[in-house]
Every structure is written in structure tokens, then in C-alpha cells.
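Asks: For reference, the file final.cif (mmCIF, C-alpha atoms) is included below:
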```cif
data_input
#
loop_
_atom_site.label_atom_id
_atom_site.label_comp_id
_atom_site.auth_asym_id
_atom_site.auth_seq_id
_atom_site.Cartn_x
_atom_site.Cartn_y
_atom_site.Cartn_z
CA MET A 39 0.00 0.00 0.00
CA ARG A 40 1.35 3.42 -0.81
CA SER A 41 0.97 6.77 0.82
CA ASN A 42 -1.07 9.60 -0.64
CA ASN A 43 2.06 10.89 -2.31
CA GLY A 44 1.54 8.37 -5.10
CA THR A 45 -0.71 5.78 -6.61
CA SER A 46 -0.52 2.00 -6.69
CA HIS A 47 -3.10 1.23 -9.35
CA SER A 48 -2.44 -0.83 -12.44
CA SER A 49 -3.23 0.09 -16.03
CA SER A 50 -5.00 -3.14 -16.94
CA HIS A 51 -8.14 -3.22 -19.06
CA LEU A 52 -11.43 -3.57 -17.24
CA THR A 53 -14.80 -4.62 -18.57
CA LEU A 54 -17.81 -2.50 -17.66
CA ALA A 55 -21.21 -3.71 -18.89
CA GLY A 56 -19.54 -5.35 -21.86
CA THR A 57 -17.43 -2.33 -22.77
CA GLN A 58 -13.67 -2.42 -22.34
CA VAL A 59 -12.26 0.63 -20.58
CA GLU A 60 -9.04 1.53 -18.86
CA LEU A 61 -8.78 1.93 -15.10
CA GLU A 62 -7.47 5.39 -15.93
CA ASP A 63 -10.92 6.26 -17.34
CA ILE A 64 -12.47 5.59 -13.94
CA ILE A 65 -9.77 7.61 -12.22
CA SER A 66 -10.22 10.50 -14.66
CA TYR A 67 -13.98 10.52 -14.12
CA PHE A 68 -13.70 10.82 -10.35
CA ASP A 69 -10.78 13.22 -10.51
CA ALA A 70 -13.03 15.51 -12.56
CA CYS A 71 -15.90 15.13 -10.06
CA ALA A 72 -13.83 15.66 -6.93
CA ALA A 73 -13.96 19.46 -6.64
CA ARG A 74 -17.77 19.54 -6.65
CA TRP A 75 -18.40 16.22 -4.88
CA ASP A 76 -19.06 17.56 -1.39
CA LYS A 77 -21.08 20.48 -2.70
CA ASN A 78 -23.45 18.11 -4.51
CA LEU A 79 -23.58 15.60 -1.67
CA VAL A 80 -26.94 14.95 0.00
CA ARG A 81 -26.65 13.03 3.26
CA ASN A 82 -29.53 11.00 4.63
CA GLU A 83 -28.47 10.86 8.26
CA GLU A 84 -31.01 8.22 9.24
CA ALA A 85 -29.95 5.97 6.36
CA ILE A 86 -26.26 6.39 7.17
CA ALA A 87 -26.86 5.56 10.83
CA SER A 88 -28.74 2.42 9.80
CA ILE A 89 -25.96 1.41 7.39
CA LEU A 90 -23.32 1.85 10.10
CA ASP A 91 -25.41 -0.21 12.51
CA HIS A 92 -25.73 -3.02 9.96
CA ALA A 93 -21.97 -2.80 9.37
CA SER A 94 -21.24 -3.11 13.10
CA ILE A 95 -19.24 0.11 13.19
CA ARG A 96 -18.55 0.39 16.90
CA PRO A 97 -15.89 1.52 19.40
CA GLY A 98 -12.45 0.00 19.22
CA ILE A 99 -12.60 -1.66 15.81
CA SER A 100 -10.43 -1.30 12.71
CA VAL A 101 -12.09 -0.19 9.47
CA LEU A 102 -11.07 -0.39 5.82
CA ASP A 103 -13.04 2.21 3.83
CA VAL A 104 -12.84 1.15 0.17
CA ALA A 105 -13.42 3.88 -2.44
CA CYS A 106 -13.60 6.42 0.36
CA GLY A 107 -13.99 9.38 -1.99
CA THR A 108 -13.71 12.68 -0.15
CA GLY A 109 -14.05 11.00 3.23
CA VAL A 110 -17.82 11.25 3.54
CA LEU A 111 -17.97 8.71 6.38
CA PHE A 112 -14.92 9.88 8.33
CA PRO A 113 -16.92 11.91 10.89
CA ASP A 114 -19.28 8.98 11.38
CA TYR A 115 -16.46 6.55 12.10
CA LEU A 116 -14.92 8.94 14.60
CA ALA A 117 -18.27 9.62 16.25
CA ARG A 118 -18.50 5.88 16.88
CA ASP A 119 -15.00 5.88 18.37
CA VAL A 120 -13.35 3.35 16.07
CA ALA A 121 -9.72 2.52 16.77
CA SER A 122 -8.43 3.06 13.24
CA VAL A 123 -9.47 3.64 9.63
CA VAL A 124 -7.51 2.93 6.47
CA ALA A 125 -9.26 4.76 3.65
CA ILE A 126 -8.33 4.04 0.04
CA ASP A 127 -9.43 5.46 -3.30
CA VAL A 128 -8.05 5.35 -6.86
CA SER A 129 -8.77 9.03 -7.50
CA VAL A 130 -5.84 11.30 -6.68
CA GLU A 131 -8.11 14.34 -6.45
CA MET A 132 -10.61 12.61 -4.16
CA VAL A 133 -7.76 11.52 -1.90
CA LYS A 134 -6.37 15.04 -1.76
CA ILE A 135 -9.69 16.37 -0.50
CA ALA A 136 -10.17 13.51 1.96
CA SER A 137 -6.68 14.06 3.33
CA SER A 138 -7.16 17.83 3.64
CA LYS A 139 -10.29 17.34 5.75
CA ASN A 140 -8.73 14.81 8.08
CA SER A 141 -6.57 15.70 11.07
CA ASP A 142 -7.31 12.70 13.25
CA PRO A 143 -4.36 10.29 13.57
CA ARG A 144 -6.73 7.32 13.64
CA ILE A 145 -7.47 7.82 9.93
CA SER A 146 -4.91 7.03 7.23
CA VAL A 147 -5.80 8.02 3.67
CA VAL A 148 -4.03 6.41 0.73
CA CYS A 149 -4.34 6.51 -3.03
CA GLY A 150 -4.41 3.18 -4.79
CA ASP A 151 -6.34 0.35 -6.40
CA ILE A 152 -7.70 -1.97 -3.71
CA MET A 153 -7.35 -4.90 -6.11
CA ALA A 154 -3.59 -4.39 -6.33
CA ALA A 155 -2.51 -2.44 -3.23
CA GLU A 156 -0.37 -4.14 -0.60
CA ILE A 157 -2.55 -3.66 2.46
CA GLY A 158 -0.50 -5.73 4.88
CA ARG A 159 -3.16 -6.28 7.56
CA ASN A 160 -6.71 -7.47 8.21
CA PHE A 161 -9.70 -5.48 9.45
CA ASP A 162 -12.69 -5.92 11.72
CA CYS A 163 -14.96 -4.12 9.27
CA ILE A 164 -14.68 -3.29 5.58
CA MET A 165 -17.06 -0.74 4.07
CA VAL A 166 -17.82 -0.10 0.40
CA TYR A 167 -20.17 2.89 0.53
CA ASN A 168 -21.76 4.41 -2.58
CA ALA A 169 -19.15 2.79 -4.82
CA PHE A 170 -19.87 -0.87 -5.59
CA PRO A 171 -21.13 -0.40 -9.21
CA HIS A 172 -17.82 1.24 -10.12
CA PHE A 173 -15.97 -2.05 -9.61
CA PRO A 174 -16.23 -4.05 -12.86
CA ASP A 175 -15.50 -7.44 -11.27
CA PRO A 176 -17.89 -7.86 -8.30
CA ALA A 177 -16.83 -11.43 -7.57
CA GLY A 178 -13.15 -10.51 -7.69
CA LEU A 179 -13.73 -7.55 -5.38
CA LEU A 180 -15.67 -9.65 -2.86
CA ALA A 181 -12.97 -12.32 -2.88
CA ARG A 182 -10.26 -9.71 -2.39
CA LEU A 183 -12.03 -7.87 0.42
CA SER A 184 -13.04 -11.07 2.19
CA SER A 185 -9.36 -12.02 2.31
CA LEU A 186 -8.68 -8.76 4.18
CA LEU A 187 -11.18 -9.47 6.96
CA ALA A 188 -10.08 -10.60 10.37
CA SER A 189 -11.74 -13.74 11.67
CA GLY A 190 -15.32 -12.78 12.45
CA GLY A 191 -14.88 -9.53 10.54
CA ARG A 192 -17.69 -7.97 8.54
CA LEU A 193 -17.87 -6.73 4.94
CA THR A 194 -20.65 -4.30 4.03
CA ILE A 195 -21.76 -3.06 0.61
CA ALA A 196 -24.07 -0.10 1.03
CA HIS A 197 -25.72 2.85 -0.68
CA GLY A 198 -27.51 5.75 0.93
CA MET A 199 -30.35 5.62 -1.58
CA SER A 200 -32.58 3.05 -3.23
CA ARG A 201 -31.25 0.71 -5.89
CA GLU A 202 -33.69 2.14 -8.43
CA ARG A 203 -32.63 5.70 -7.74
CA LEU A 204 -28.95 4.81 -7.89
CA ASN A 205 -29.26 3.00 -11.20
CA ALA A 206 -31.24 5.90 -12.63
CA HIS A 207 -28.53 8.29 -11.47
CA HIS A 208 -25.82 6.15 -13.04
CA SER A 209 -27.64 6.10 -16.37
CA GLY A 210 -26.36 9.63 -16.95
CA SER A 211 -22.77 10.85 -17.02
CA ALA A 212 -21.57 7.99 -14.83
CA LYS A 213 -22.83 5.31 -17.22
CA PRO A 214 -19.40 4.64 -18.81
CA VAL A 215 -17.92 3.86 -15.38
CA SER A 216 -20.81 1.97 -13.77
CA ILE A 217 -21.98 -1.61 -14.27
CA GLY A 218 -25.24 -0.95 -12.42
CA LEU A 219 -26.23 -2.21 -8.99
CA MET A 220 -27.48 -5.81 -8.82
CA SER A 221 -30.38 -6.70 -6.58
CA GLU A 222 -29.72 -7.41 -2.92
CA ILE A 223 -30.73 -11.03 -3.56
CA GLU A 224 -28.18 -11.42 -6.36
CA LEU A 225 -25.44 -9.78 -4.32
CA SER A 226 -26.25 -11.85 -1.24
CA LYS A 227 -25.99 -15.04 -3.27
CA LEU A 228 -22.68 -13.96 -4.78
CA ALA A 229 -21.24 -12.82 -1.44
CA SER A 230 -22.23 -16.08 0.23
CA ASN A 231 -19.30 -17.71 -1.57
CA TRP A 232 -17.04 -15.95 0.95
CA LEU A 233 -19.27 -14.67 3.74
CA ASP A 234 -22.10 -15.60 6.04
CA VAL A 235 -24.56 -13.01 4.75
CA ASP A 236 -27.11 -11.98 7.36
CA VAL A 237 -28.17 -8.53 6.12
CA ALA A 238 -29.89 -7.88 2.80
CA VAL A 239 -31.93 -4.69 2.76
CA SER A 240 -33.16 -2.75 -0.23
CA ASP A 241 -35.87 -0.13 0.23
CA ASP A 242 -36.71 3.44 -0.69
CA ALA A 243 -33.98 4.88 1.54
CA LEU A 244 -31.00 2.56 1.37
CA TYR A 245 -29.36 -0.60 0.10
CA VAL A 246 -27.24 -2.82 2.36
CA VAL A 247 -25.75 -6.28 1.96
CA SER A 248 -23.49 -7.36 4.79
CA GLY A 249 -21.89 -10.55 5.98
CA SER A 250 -19.19 -11.85 8.27
CA ARG A 251 -16.20 -14.08 7.77
CA GLY A 252 -16.36 -17.25 9.80
#
```
Just give me the structure as C-alpha cells.

Replies:
Amino acid sequence: MRSNNGTSHSSSHLTLAGTQVELEDIISYFDACAARWDKNLVRNEEAIASILDHASIRPGISVLDVACGTGVLFPDYLARDVASVVAIDVSVEMVKIASSKNSDPRISVVCGDIMAAEIGRNFDCIMVYNAFPHFPDPAGLLARLSSLLASGGRLTIAHGMSRERLNAHHSGSAKPVSIGLMSEIELSKLASNWLDVDVAVSDDALYVVSGSRG
């Protein structure tokens, strides 16, 4: 894993919804969005609290925040008194903003591709918040993240809006870098190859699939 002074992503081809793109295309998209990301952000506090409850974000745990963006969940982790957070994102510009907003030593922000970065440790909880459709290989991502869980650790895929609303949103400018969000039933079935899935919620306010490593 590398510090926020550099990136650790690869330049391999990725397949999104049948279209071959470069990882750099995804990075470029989010680099371009970074400056206005927080301004356009709408937080549903009740939904976020529910997501964090499902994810078992609690005092004293270690968290890996995958595709952390501008650090949207940093205050929430700290409010729940976690022991440490490693936050990673492929976008240099997103990481710059996340780093600039963070002064707490419990949070470490790095720039890199989670599929290739040398993490070097396991975590009690791994969170992928508002980002899952931007990973073109869901099974590969789940396998990778499951391998980074401590025994009994929990992996959570979540969105602070409904699946229908998210997919509609991604049908616009984000379409080239989104594969769409599968149903909670489909994701639960896929994740069960690595996890004991015990949370599968999809309603008008949020989407959460979460499971633990035995």
C-alpha cells in the first residue's frame, strides 16, 4: 500500500457492462468530479446511521473504507469511536480532498487500487459505501475484500439511496464507469461464496448487503 504521495493502481483493461475501458478512465472521471463532490452531496443521516449499525461500526474496531472518496464517512467513524481507519481510493483528487479534511491520527488516507494495493493487515470491518457499481468485477472484489477481513470480521456493501434511484442516477454521465447495482438477492448469493450473509436490505432509503467471515 502506498501513501497519498503516489498511486498504486495498475493500467490493466477492465470490462464495464460489456465495454472495455481503462482503469485510468475511472480515475479520470472521479478526478473531474472531486472538486464539486461535497457540494453536490446529499446526506440522509437516518440511512447512514442504519448502514453503520448493519456494518457493526462500533468503538475499538479497525475499518477499511474502500473507495472512500472525499471522506464522507470519516466523521461517522470517529463519532463511533473506532480505533483506526484505512481509507483508500483510486482518485488522486478525491484523496487530496479527503486528506485535507482529516486531522485525526486514527485515519490514514491512501491513493491506490484496492485490487492491487499491498494492504499488509486485516480489518474488523470493511465498508464499500456508494461505490460498488464502479468495480467491474464484483466477484473478484468480494474475494479480495473477504481475504482482508479478520476472523469474524464484517464486509458491508451499502448505498444511501434506493437501488432504483442509484441505477437511474448512473444512467447519466456515470454510465461509462458503472456496471449498475445488482439486486440485494443477487449480491447476497454472490457474497455467500465468501461470507455468512445476514443482512440484505433494499428499500426506498438505502441498500445494504453485509456478511461476516467465519

Asks: What lies within 7 Å of Asp69 of chain A using all atoms listed in the file, ignoring chain neighbours under 5 positions off, as a ChimeraX atom specification?

Replies: /A:129-132

Asks: Give as a PDB file with C-alpha atoms, in the frame of the given file the residues that the PyMOL selection byres ((chain A and resi 188) around 6) matches when applied to the coordinates above.

Replies:
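Output below, filename out_35.pdb:
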```
ATOM      1  CA  ASN A 160      -6.710  -7.470   8.210  1.00  0.00           C
ATOM      2  CA  PHE A 161      -9.700  -5.480   9.450  1.00  0.00           C
ATOM      3  CA  ASP A 162     -12.690  -5.920  11.720  1.00  0.00           C
ATOM      4  CA  LEU A 187     -11.180  -9.470   6.960  1.00  0.00           C
ATOM      5  CA  SER A 189     -11.740 -13.740  11.670  1.00  0.00           C
ATOM      6  CA  GLY A 191     -14.880  -9.530  10.540  1.00  0.00           C
TER       7      GLY A 191
END
```

Asks: Would you mind listing what lies within 8 Å of segment 195-197 of chain A as an MDAnalysis selection string, with all atoms listed in the file counted and same-chain residues fewer than 2 positions away left out?

Replies: chainID A and resid 89 165:170 193 199:201 244:248

Asks: Give me, as a list in words, all polymer residues having an atom no more than 9 Å from Ser94 of chain A, counting all atoms listed in the file and skipping those fewer than 4 positions away in the same chain.

Replies: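 Once the nearby chain positions are removed, what remains is Ile89, Leu90, Cys163 and Arg192 of chain A.
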
Asks: Export, as a PDB file, keeping the file's coordinate frame, the selected residues with C-alpha atoms.

Replies:
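The resulting selection_3.pdb:
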```
ATOM      1  CA  ILE A  89     -25.960   1.410   7.390  1.00  0.00           C
ATOM      2  CA  LEU A  90     -23.320   1.850  10.100  1.00  0.00           C
ATOM      3  CA  CYS A 163     -14.960  -4.120   9.270  1.00  0.00           C
ATOM      4  CA  ARG A 192     -17.690  -7.970   8.540  1.00  0.00           C
TER       5      ARG A 192
END
```

Asks: Report as a ChimeraX atom specification all protein, DNA and RNA residues lying within 12 Å of Val235 of chain A, evaluated on all atoms listed in the file, omitting residues in the same chain fewer than 5 positions from it.

Replies: /A:92-93,184,191-195,222-230,246-252

Asks: Which residues would end up in the selection if the PyMOL selection byres ((chain A and resi 65) around 10) were applied here, given that I need the answer as a list of chain:residue names?

Replies: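 Against this file, the PyMOL selection byres ((chain A and resi 65) around 10) returns the residues A:His47, A:Glu60, A:Leu61, A:Glu62, A:Asp63, A:Ile64, A:Ser66, A:Tyr67, A:Phe68, A:Asp69, A:Ala70, A:Cys71, A:Asp127, A:Val128, A:Ser129, A:Val130, A:Glu131, A:Met132, A:Asp151, A:Val215.
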
Asks: Can you work out which one of A:Val148, A:Ile135, A:Trp75, A:Ala85 has the shortest atom-to-atom distance to Asp242 of chain A, counting only C-alpha atoms?

Replies: A:Ala85

Asks: Nearest to Ile164 of chain A: which of A:Cys149, A:Ile95, A:Ala243, A:Leu79 is it, counting only C-alpha atoms?

Replies: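 Distance minimum relative to Ile164 of chain A lands on A:Ile95.
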
Asks: Using all atoms listed in the file, can you tell me which of A:Arg203, A:Lys134, A:Arg144, A:Arg182 comes closest to Leu233 of chain A?

Replies: A:Arg182

Asks: I'd like to know which of A:Ser221, A:Val104, A:Ile99, A:Leu204 is closest to Ala238 of chain A, using all atoms listed in the file.

Replies: A:Ser221

Asks: Separation of atom CA of Pro143 of chain A and atom CA of Ile126 of chain A, in Å?

Replies: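 Taking atom CA of Pro143 of chain A as the start and atom CA of Ile126 of chain A as the end point, the length is 15.4 Å.
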
Asks: Can you measure atom CA of Gly107 of chain A to atom CA of Leu183 of chain A for me? One decimal in Å is fine.

Replies: 17.5 Å

Asks: With the file shown as input, list the residues that the PyMOL selection byres ((chain A and resi 112) around 12) selects, as a PyMOL selection string.

Replies: chain A and resi 86+90+95+101-103+106-111+113-120+122-125+136-137+139-147+165+167
